Amino acid sequence: MPLQIVLNIIIALMWMFLSESYTFTSFLVGYILGIILLFLLRRFVPDSFYMKRTWKFVQLILLFIRELILSNLDILKYVYKPKQDMQPGIFALPIDVKTNFEITLLANLITLTPGTLSVVVSEDHRKIYIHAMDIPDVQETINDIKNSFEKQIMEVTR
């Protein structure tokens with residue numbers, strides 16, 4: 001992936017020099033042409049096409065924004081509800097992510113989502129203990145996190 005980014009920047013700079021226009025617009029046009037060239041020649045360049053991973057990263061950011069908005073609405077419902085019938089608790093989330101970066105990213109995304117807090121990562125790095133403001137069904141909550149954040153993190157990093 002780093003090789004592809006460097007090649008793309010070199011193509012963009014070559015485009016700027018060949019067009020004799022040293023503006024950001026000229027660089028951007030060259031960069032887009034570089035993306036197209038790298039896509040067309042992707043079988044000759046090692047590693048998978050880097051824009052796939054970039055797109056997955058954008059999807060992760062959009063997923064986080066969606067979860068952030070939905071959880072803020074849930075918190076808002078709890079704040080204005082006259083009768084507080086929450087079921088707070090701590091549960092263990094078994095994780096499939098392996099590297100420290102992936103575990104840290106998952107724990108931070110969970111913590112940044114209102115209503116949940118990553119308490120600790122187990123010693124063997126196979127579980128994250130999470131405090132949630134309302135847990136009607138622990139297994140459903142685990143499945144939601146595994147099918148959203150964890151799955152998307154693995155798509156970005158692998």
# chains A, B, ... in the order shown; residues from 1 in each chain; ligands from 1
>>> select_by_dssp(residues="chain A", states="alpha helix (DSSP H)", output="PyMOL selection string")
chain A and resi 2-19+24-40+50-80+100-112+138-145+151-157
>>> residues_around(residues="Glu155 in chain A", least_positions_apart="2", cutoff="10 Å", atoms="only C-alpha atoms", output="ChimeraX atom specification")
/A:52-53,56-57,59-60,149-153,157-158
>>> atom_distance(atom1="CA of Glu67 in chain A", atom2="CA of Ser118 in chain A")
15.7 Å
>>> atom_distance(atom1="CA of Gln4 in chain A", atom2="CA of Tyr50 in chain A")
6.8 Å
>>> closest_residue(among="A:Leu3, A:Val58, A:Ala92, A:Leu13", to="Leu117 in chain A", atoms="only C-alpha atoms")
A:Ala92
>>> closest_residue(among="A:Leu28, A:Ile103, A:Ala132, A:Leu63", to="Trp15 in chain A", atoms="only C-alpha atoms")
A:Leu28
>>> atom_distance(atom1="CA of Leu68 in chain A", atom2="CA of Thr113 in chain A")
5.4 Å
>>> closest_residue(among="A:Val156, A:Leu109, A:Ile75, A:Met86", to="Pro136 in chain A", atoms="only C-alpha atoms")
A:Met86
